[in-house]
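**Student:** Next comes start-v1.cif, mmCIF, C-alpha atoms:
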```
data_target
loop_
_atom_site.label_atom_id
_atom_site.label_comp_id
_atom_site.auth_asym_id
_atom_site.auth_seq_id
_atom_site.Cartn_x
_atom_site.Cartn_y
_atom_site.Cartn_z
CA MET A 1 -13.28 23.29 18.23
CA PHE A 2 -10.03 22.12 16.68
CA GLU A 3 -8.14 24.34 14.28
CA GLN A 4 -6.76 21.58 12.07
CA LEU A 5 -7.17 17.84 11.72
CA GLY A 6 -4.16 16.05 10.31
CA LEU A 7 -5.71 12.96 8.75
CA ILE A 8 -3.29 10.16 7.93
CA GLY A 9 -5.20 7.60 5.93
CA CYS A 10 -8.02 9.06 3.82
CA GLY A 11 -10.00 5.88 3.41
CA MET A 12 -13.45 4.97 4.64
CA MET A 13 -12.69 5.14 8.38
CA GLY A 14 -10.57 8.27 8.30
CA GLY A 15 -12.81 9.96 5.75
CA SER A 16 -15.89 9.28 7.85
CA PHE A 17 -14.19 10.84 10.87
CA ALA A 18 -13.33 13.97 8.90
CA LEU A 19 -16.86 14.30 7.52
CA ALA A 20 -18.37 13.83 10.98
CA LEU A 21 -16.11 16.50 12.47
CA LYS A 22 -16.95 18.92 9.67
CA ARG A 23 -20.68 18.39 10.00
CA ALA A 24 -20.52 18.89 13.76
CA GLY A 25 -18.50 22.10 13.34
CA LEU A 26 -15.62 20.68 15.39
CA VAL A 27 -12.78 21.45 12.99
CA LYS A 28 -11.87 24.39 10.78
CA ARG A 29 -9.57 22.65 8.32
CA VAL A 30 -8.66 19.09 7.38
CA VAL A 31 -5.27 18.31 5.88
CA GLY A 32 -5.04 14.76 4.60
CA TYR A 33 -2.38 12.31 3.50
CA SER A 34 -2.64 8.79 2.11
CA LYS A 35 0.07 6.51 0.82
CA SER A 36 -1.66 6.61 -2.56
CA PRO A 37 -1.71 10.17 -4.00
CA SER A 38 -4.83 9.30 -6.00
CA THR A 39 -6.67 8.52 -2.75
CA THR A 40 -5.68 11.86 -1.26
CA GLU A 41 -6.75 13.66 -4.41
CA ARG A 42 -10.07 11.85 -4.46
CA ALA A 43 -10.64 12.73 -0.79
CA ARG A 44 -10.19 16.41 -1.65
CA GLN A 45 -12.50 16.16 -4.65
CA LEU A 46 -15.20 14.64 -2.43
CA GLY A 47 -14.80 17.36 0.19
CA VAL A 48 -13.52 14.94 2.82
CA ILE A 49 -10.29 16.93 3.20
CA ASP A 50 -9.53 20.55 2.39
CA VAL A 51 -5.82 20.28 1.63
CA GLU A 52 -3.69 17.45 0.24
CA ALA A 53 -0.41 16.87 2.05
CA PRO A 54 2.52 15.26 0.21
CA SER A 55 3.65 13.41 3.35
CA ALA A 56 2.40 12.28 6.73
CA LEU A 57 4.75 14.74 8.39
CA LEU A 58 3.29 17.70 6.52
CA ALA A 59 -0.25 16.53 7.30
CA VAL A 60 0.65 16.89 10.98
CA SER A 61 2.31 20.29 10.58
CA GLY A 62 0.13 22.86 12.32
CA ALA A 63 -2.45 20.28 13.45
CA ASP A 64 -3.89 20.24 16.97
CA LEU A 65 -5.71 16.97 16.22
CA VAL A 66 -4.23 13.98 14.40
CA LEU A 67 -6.00 10.77 13.44
CA LEU A 68 -4.11 7.69 12.29
CA ALA A 69 -6.51 5.72 10.10
CA VAL A 70 -3.97 3.26 8.76
CA PRO A 71 -3.60 -0.54 9.02
CA VAL A 72 -2.31 -1.69 12.40
CA SER A 73 0.89 -2.94 10.78
CA ALA A 74 1.61 0.58 9.46
CA THR A 75 1.23 2.30 12.83
CA GLU A 76 4.88 2.26 13.88
CA ALA A 77 6.11 3.54 10.53
CA THR A 78 3.51 6.31 10.69
CA PHE A 79 4.61 7.36 14.17
CA LYS A 80 8.20 7.48 12.91
CA ALA A 81 7.15 9.65 9.98
CA ILE A 82 5.44 12.27 12.18
CA ARG A 83 7.38 12.22 15.48
CA HIS A 84 9.47 15.31 14.73
CA LEU A 85 6.37 17.51 14.62
CA VAL A 86 4.52 15.99 17.59
CA ARG A 87 3.89 18.78 20.10
CA SER A 88 2.66 18.58 23.68
CA ASN A 89 -0.65 20.31 22.87
CA VAL A 90 -1.70 17.98 20.05
CA LEU A 91 -4.18 15.13 20.46
CA ILE A 92 -3.27 12.01 18.50
CA MET A 93 -5.66 9.09 18.14
CA ASP A 94 -5.96 5.97 16.02
CA VAL A 95 -8.89 3.78 15.00
CA GLY A 96 -7.17 0.39 15.17
CA SER A 97 -9.05 -2.75 16.16
CA THR A 98 -6.20 -3.94 18.38
CA LYS A 99 -4.50 -1.83 21.00
CA ARG A 100 -1.49 -3.43 22.70
CA GLU A 101 0.63 -3.61 19.54
CA VAL A 102 -0.31 -0.04 18.61
CA ILE A 103 0.56 1.21 22.10
CA ASP A 104 3.89 -0.63 22.09
CA ALA A 105 4.73 1.12 18.81
CA ALA A 106 3.76 4.49 20.27
CA ARG A 107 5.96 3.93 23.30
CA ARG A 108 8.96 2.94 21.17
CA VAL A 109 8.67 5.86 18.76
CA LEU A 110 7.09 8.78 20.62
CA LYS A 111 8.99 8.13 23.86
CA ASP A 112 8.52 11.19 26.13
CA GLN A 113 5.70 12.47 23.93
CA VAL A 114 3.62 9.29 24.17
CA GLY A 115 1.27 11.05 26.58
CA VAL A 116 -0.41 12.93 23.72
CA PHE A 117 -1.59 9.66 22.18
CA VAL A 118 -5.04 8.39 23.17
CA PRO A 119 -5.59 4.92 21.66
CA ALA A 120 -9.13 4.61 20.33
CA HIS A 121 -11.25 1.92 18.74
CA PRO A 122 -14.60 3.01 17.29
CA ILE A 123 -16.86 -0.01 17.00
CA ALA A 124 -17.99 0.82 13.49
CA GLY A 125 -17.11 -0.07 9.94
CA LYS A 126 -18.24 -1.48 6.65
CA GLU A 127 -17.21 -4.42 4.49
CA VAL A 128 -16.16 -1.96 1.78
CA ALA A 129 -13.05 0.16 1.68
CA GLY A 130 -12.17 3.47 0.10
CA VAL A 131 -12.92 7.12 0.61
CA GLU A 132 -15.94 6.86 -1.69
CA HIS A 133 -17.66 5.00 1.14
CA ALA A 134 -16.90 7.62 3.79
CA ASP A 135 -20.04 8.43 5.77
CA ALA A 136 -20.54 11.24 8.28
CA ASP A 137 -22.99 8.99 10.17
CA LEU A 138 -20.63 6.02 10.47
CA TYR A 139 -19.74 6.63 14.12
CA HIS A 140 -23.01 8.09 15.35
CA GLY A 141 -24.69 5.88 17.92
CA ARG A 142 -21.69 3.54 18.14
CA GLN A 143 -19.36 2.65 20.97
CA VAL A 144 -15.84 4.04 21.05
CA ILE A 145 -13.35 2.33 23.32
CA LEU A 146 -10.47 4.42 24.69
CA THR A 147 -7.49 2.55 26.16
CA PRO A 148 -5.23 5.12 27.84
CA ILE A 149 -1.97 4.06 29.45
CA GLU A 150 -0.28 5.32 32.60
CA ARG A 151 1.46 8.13 30.71
CA THR A 152 -1.58 9.37 28.79
CA MET A 153 -2.13 13.05 29.58
CA THR A 154 -5.37 13.76 31.42
CA ALA A 155 -6.10 16.79 29.23
CA GLN A 156 -5.74 14.76 26.02
CA LEU A 157 -7.91 11.96 27.36
CA GLU A 158 -10.64 14.43 28.27
CA LYS A 159 -10.46 16.04 24.82
CA ALA A 160 -10.84 12.62 23.22
CA LYS A 161 -13.88 11.81 25.36
CA GLN A 162 -15.52 15.12 24.56
CA LEU A 163 -14.81 14.81 20.83
CA TRP A 164 -16.28 11.32 20.42
CA THR A 165 -19.24 12.21 22.63
CA ALA A 166 -19.92 15.26 20.45
CA LEU A 167 -20.04 12.90 17.45
CA GLY A 168 -22.85 10.98 19.14
CA CYS A 169 -20.75 8.08 20.40
CA ASP A 170 -20.97 6.05 23.60
CA VAL A 171 -17.46 6.39 25.02
CA LYS A 172 -16.04 3.62 27.18
CA GLN A 173 -12.62 3.25 28.77
CA MET A 174 -10.68 0.08 29.53
CA SER A 175 -7.15 -1.26 29.65
CA PRO A 176 -5.48 -2.29 26.38
CA GLU A 177 -5.24 -5.87 27.67
CA ALA A 178 -8.95 -6.07 28.50
CA HIS A 179 -9.81 -4.54 25.13
CA ASP A 180 -7.79 -7.03 23.11
CA ALA A 181 -9.15 -10.00 25.06
CA ALA A 182 -12.75 -8.85 24.62
CA TYR A 183 -12.51 -8.08 20.91
CA ALA A 184 -10.71 -11.32 20.19
CA ALA A 185 -13.93 -12.97 21.38
CA VAL A 186 -16.61 -10.74 19.85
CA SER A 187 -14.95 -9.47 16.68
CA HIS A 188 -11.73 -11.16 15.64
CA LEU A 189 -12.84 -14.77 16.19
CA PRO A 190 -16.18 -14.24 14.36
CA HIS A 191 -14.27 -12.89 11.38
CA MET A 192 -11.89 -15.85 11.43
CA VAL A 193 -14.81 -18.31 11.64
CA SER A 194 -16.59 -16.56 8.77
CA PHE A 195 -13.44 -16.66 6.63
CA ALA A 196 -12.97 -20.35 7.44
CA LEU A 197 -16.58 -21.25 6.63
CA MET A 198 -16.43 -19.61 3.21
CA ASN A 199 -13.11 -21.32 2.46
CA ALA A 200 -14.49 -24.68 3.62
CA ILE A 201 -17.46 -24.46 1.28
CA GLU A 202 -15.41 -23.10 -1.62
CA SER A 203 -12.93 -25.98 -1.28
CA GLN A 204 -15.61 -28.59 -2.02
CA ALA A 205 -16.41 -29.75 -5.54
CA GLN A 206 -20.07 -28.83 -5.03
CA GLY A 207 -19.30 -25.63 -3.19
CA GLN A 208 -20.81 -23.28 -5.78
CA ASP A 209 -23.96 -25.40 -5.93
CA PHE A 210 -24.27 -25.18 -2.16
CA LEU A 211 -23.81 -21.41 -2.20
CA SER A 212 -26.50 -20.99 -4.84
CA LEU A 213 -29.00 -22.42 -2.36
CA ALA A 214 -28.00 -20.21 0.59
CA GLY A 215 -30.52 -17.80 2.07
CA PRO A 216 -30.70 -14.78 4.38
CA GLY A 217 -29.30 -16.61 7.41
CA PHE A 218 -26.16 -17.57 5.51
CA ARG A 219 -25.93 -14.05 4.08
CA ASP A 220 -26.05 -12.48 7.53
CA PHE A 221 -23.66 -14.99 9.10
CA THR A 222 -21.01 -14.61 6.40
CA ARG A 223 -21.35 -10.87 5.73
CA ILE A 224 -18.05 -10.11 7.46
CA ALA A 225 -16.18 -12.61 5.28
CA ALA A 226 -16.25 -9.90 2.59
CA SER A 227 -14.06 -7.63 4.74
CA ASP A 228 -10.81 -6.16 3.43
CA PRO A 229 -8.19 -8.98 3.41
CA ALA A 230 -5.13 -6.83 4.15
CA ILE A 231 -6.79 -5.05 7.06
CA TRP A 232 -8.01 -8.26 8.64
CA ARG A 233 -4.71 -10.05 8.06
CA ASP A 234 -3.08 -7.35 10.18
CA ILE A 235 -5.77 -7.42 12.87
CA LEU A 236 -5.67 -11.19 13.31
CA MET A 237 -1.89 -11.29 13.39
CA SER A 238 -1.55 -8.37 15.81
CA ASN A 239 -3.93 -10.00 18.32
CA ARG A 240 -2.89 -13.58 17.68
CA GLU A 241 -2.36 -14.67 21.31
CA GLU A 242 -5.81 -13.60 22.46
CA LEU A 243 -7.37 -14.78 19.20
CA LEU A 244 -5.86 -18.26 19.48
CA ALA A 245 -7.06 -18.49 23.09
CA GLN A 246 -10.60 -17.69 21.95
CA SER A 247 -10.26 -20.15 19.08
CA ARG A 248 -9.56 -22.91 21.58
CA HIS A 249 -12.72 -21.99 23.51
CA PHE A 250 -14.66 -22.12 20.25
CA GLN A 251 -13.20 -25.48 19.27
CA ARG A 252 -14.23 -26.97 22.61
CA ALA A 253 -17.79 -25.65 22.16
CA LEU A 254 -17.92 -26.98 18.59
CA HIS A 255 -16.57 -30.32 19.75
CA ALA A 256 -19.33 -30.55 22.37
CA LEU A 257 -21.95 -30.13 19.64
CA GLU A 258 -20.21 -32.69 17.43
CA THR A 259 -20.03 -35.16 20.32
CA ALA A 260 -23.75 -34.88 21.01
CA ILE A 261 -24.56 -35.38 17.32
CA ASN A 262 -22.13 -38.26 16.93
CA ALA A 263 -23.55 -39.98 20.00
CA GLY A 264 -27.10 -39.60 18.72
CA ASN A 265 -28.01 -37.71 21.87
CA PRO A 266 -30.79 -35.21 21.00
CA ASP A 267 -31.29 -34.14 24.63
CA ALA A 268 -27.64 -33.10 25.02
CA LEU A 269 -27.75 -31.36 21.67
CA GLU A 270 -30.90 -29.46 22.56
CA THR A 271 -29.38 -28.37 25.87
CA LEU A 272 -26.35 -26.93 24.10
CA ILE A 273 -28.53 -25.14 21.56
CA GLU A 274 -30.75 -23.80 24.34
CA GLN A 275 -27.70 -22.39 26.12
CA ALA A 276 -26.67 -20.53 22.99
CA SER A 277 -30.21 -19.40 22.21
CA SER A 278 -30.76 -18.02 25.71
CA ALA A 279 -27.41 -16.23 25.70
CA ARG A 280 -28.21 -14.62 22.35
CA ALA A 281 -31.70 -13.61 23.52
CA ARG A 282 -30.23 -11.88 26.59
CA TRP A 283 -27.65 -9.96 24.57
CA ARG A 284 -28.39 -6.46 23.36
CA MET A 285 -25.97 -4.32 21.41
CA THR A 286 -25.13 -1.14 23.27
CA ALA A 287 -26.62 1.93 21.66
CA VAL A 288 -26.33 5.61 22.48
CA LYS A 289 -29.50 7.06 23.94
CA PRO A 290 -30.96 9.84 21.78
CA ARG A 291 -30.39 13.36 23.09
CA THR A 292 -33.38 15.10 24.64
#
```
What would you get if you wrote out this structure as structure tokens?
**Tutor:**
Amino acid sequence: MFEQLGLIGCGMMGGSFALALKRAGLVKRVVGYSKSPSTTERARQLGVIDVEAPSALLAVSGADLVLLAVPVSATEATFKAIRHLVRSNVLIMDVGSTKREVIDAARRVLKDQVGVFVPAHPIAGKEVAGVEHADADLYHGRQVILTPIERTMTAQLEKAKQLWTALGCDVKQMSPEAHDAAYAAVSHLPHMVSFALMNAIESQAQGQDFLSLAGPGFRDFTRIAASDPAIWRDILMSNREELLAQSRHFQRALHALETAINAGNPDALETLIEQASSARARWRMTAVKPRT
């Protein structure tokens, strides 16, 4: 059990983490800070945190566990705000969707203390933001990717694994580079495509008429287009090299479909569709096995 969680960012992701820890009996006290005082106050009113901190530094004071649940672009500034109270026995994690930029910031700011930081990416979320949407079940049954570096302390890495496992997560470990390449393909590119599709339809004179005729397939495909703009701006920019590489793969695949259609070649088109259909049929989302 942890004595105190210092929660920096009391929104949906951070709030869900705090609620999950509380329900599992893994923390005695949660001290929270958000850039917006009204968010911190609301988090206390909802029972997500126990104490409101007036600054990120004071949220960390006395904490043996710290979670950074802030936009990726705010990570370096957050590290700078708390570095003077970072001790060797604290475990610091984040929940960012990209890892190399976050780790670079940690190295620059924490320097010799960077070993207490275990970069983490829980594969969970919602298209809504705000502490009102915090959910103790958000992370249960989901994957959590840890991307330690060469200086990550073994004890802190083990604590992180045990913590996420205790919350019912399937914990995986990989390099930051492998993480960012993989999630450019399976998360960041799909978001970009969904954003682009909505913008393409909206830009047409008959766009609203088209949307009024859309059904469940369109709803499911474009669900992620409703994601928080500021958060996804930061994610796409922070992983731009890997994302643009995946975008080129996608453009080649789209061009192959267009070529078959333009050439009036139904056999080639069917082959391409069959490839995609078979790949999708083989894929299964990883889930945590229920405890016995």
**Student:** Calculate how many Å separate atom CA of Ala24 of chain A from atom CA of Arg42 of chain A, rounding to one decimal.
**Tutor:** 22.2 Å
**Student:** Go through A:Gln4, A:Gln45, A:Gln162, A:Thr147 one by one, measure the shortest atom-to-atom distance of each to Val30 of chain A using only C-alpha atoms, and give the residue with the smallest value.
**Tutor:**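 Looking at the shortest contact to Val30 of chain A, the residue is A:Gln4.
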**Student:** Between A:Val27, A:Ala77, A:Ala268, A:Ala129, which one has atoms that come closest to Phe2 of chain A, using only C-alpha atoms?
**Tutor:** A:Val27
**Student:** One decimal, in Å: what's the spacing between atom CA of Ala182 of chain A and atom CA of Pro122 of chain A?
**Tutor:**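 Result for atom CA of Ala182 of chain A versus atom CA of Pro122 of chain A: 14.1 Å, one decimal.
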**Student:** Using only C-alpha atoms, can you tell me which of A:Trp283, A:Tyr183, A:Tyr33, A:Phe195 comes closest to Pro229 of chain A?
**Tutor:** A:Phe195
**Student:** Residues within 9 Å of segment 13-22 of chain A, please, as an MDAnalysis selection string. Count all atoms listed in the file; anything in the same chain fewer than 3 positions from it doesn't count.
**Tutor:** chainID A and resid 5 7:10 25:30 43 47:49 67:70 95 124:126 129:140 163 166:167
**Student:** Could you pull the residues within 7 Å of segment 100-102 of chain A, counting all atoms listed in the file, minus those fewer than 2 positions along the same chain, as number ranges by chain?
**Tutor:** A: 72, 75, 98, 104-106, 176-177, 238
**Student:** Convert the output of the PyMOL selection byres ((chain A and resi 63) around 8) on the shown file into explicit residues, formatted as a VMD selection string.
**Tutor:** chain A and resid 3 to 6 59 to 62 64 to 66 90
**Student:** Got a sec to check which residues sit within 12 Å of (-26.2, -25.4, 24.9), counting all atoms listed in the file, and write them as a ChimeraX atom specification?
**Tutor:** /A:253-257,260,266-280
**Student:** Atom CA of Ile149 of chain A and atom CA of Ala120 of chain A are how many Å apart?
**Tutor:**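 Separating atom CA of Ile149 of chain A from atom CA of Ala120 of chain A is a distance of 11.6 Å.
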**Student:** Please determine, counting all atoms listed in the file, which residue among A:Pro37, A:Leu157, A:Ile145, A:Arg151 has the shortest atom-to-atom distance to Met174 of chain A.
**Tutor:**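 For Met174 of chain A, the nearest of the candidates is A:Ile145.
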**Student:** Applying the PyMOL selection byres ((chain A and resi 239) around 8) to the file I just gave you, which residues come out? Please list them as a list in words.
**Tutor:**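 Output from the PyMOL selection byres ((chain A and resi 239) around 8), applied to this file: Thr98, Glu101, Asp180, Ala184, Ile235, Leu236, Met237, Ser238, Arg240, Glu241, Glu242 and Leu243 of chain A.
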**Student:** Would you list the residues near (0.3, 15.1, 2.9) (no more than 8 Å away, in the coordinates of the file, using all atoms listed in the file) as a list in words?
**Tutor:**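 Those residues, ordered by chain and then number, are Ile8, Val31, Gly32, Tyr33, Ser34, Thr40, Glu52, Ala53, Pro54, Ser55, Ala56, Leu57, Leu58 and Ala59 of chain A.
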**Student:** Restricting the output to C-alpha atoms, write the selected residues as a tab-separated table (two decimals), in the frame of the given file.
**Tutor:**
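The file below, result.tsv, is the result:
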```tsv
chain	number	residue	atom	x	y	z
A	8	ILE	CA	-3.29	10.16	7.93
A	31	VAL	CA	-5.27	18.31	5.88
A	32	GLY	CA	-5.04	14.76	4.60
A	33	TYR	CA	-2.38	12.31	3.50
A	34	SER	CA	-2.64	8.79	2.11
A	40	THR	CA	-5.68	11.86	-1.26
A	52	GLU	CA	-3.69	17.45	0.24
A	53	ALA	CA	-0.41	16.87	2.05
A	54	PRO	CA	2.52	15.26	0.21
A	55	SER	CA	3.65	13.41	3.35
A	56	ALA	CA	2.40	12.28	6.73
A	57	LEU	CA	4.75	14.74	8.39
A	58	LEU	CA	3.29	17.70	6.52
A	59	ALA	CA	-0.25	16.53	7.30
```
**Student:** The PyMOL selection byres ((chain A and resi 171) around 6) - which residues does that actually catch in the file I just gave you? List them as a count of residues only.
**Tutor:** 5
**Student:** Identify which of the residues A:Ser212, A:Ser247, A:Thr78, A:Thr259 lies closest to Ala196 of chain A, counting only C-alpha atoms when measuring atom-to-atom distances.
**Tutor:**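 For Ala196 of chain A, the nearest of the given residues is A:Ser247.
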**Student:** Residues near segment 107-109 of chain A, anyone? I mean within 7 Å using only C-alpha atoms, not counting same-chain ones fewer than 4 positions away, as a tab-separated table (two decimals) with C-alpha atoms, in the frame of the given file.
**Tutor:**
```
chain	number	residue	atom	x	y	z
A	79	PHE	CA	4.61	7.36	14.17
A	80	LYS	CA	8.20	7.48	12.91
A	103	ILE	CA	0.56	1.21	22.10
A	114	VAL	CA	3.62	9.29	24.17
```
**Student:** When you count all atoms listed in the file, which of these residues is closest to Phe221 of chain A: A:Gln173, A:Gln206, A:Ser194, A:Thr154?
**Tutor:**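 Of all the options, A:Ser194 lies closest to Phe221 of chain A.
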**Student:** Leaving out Leu197 of chain A and any residue of its chain fewer than 4 positions from it, which residues lie within 12 Å of it when counting all atoms listed in the file, given as an MDAnalysis selection string?
**Tutor:** chainID A and resid 190:193 201:204 207 211 218 221:225
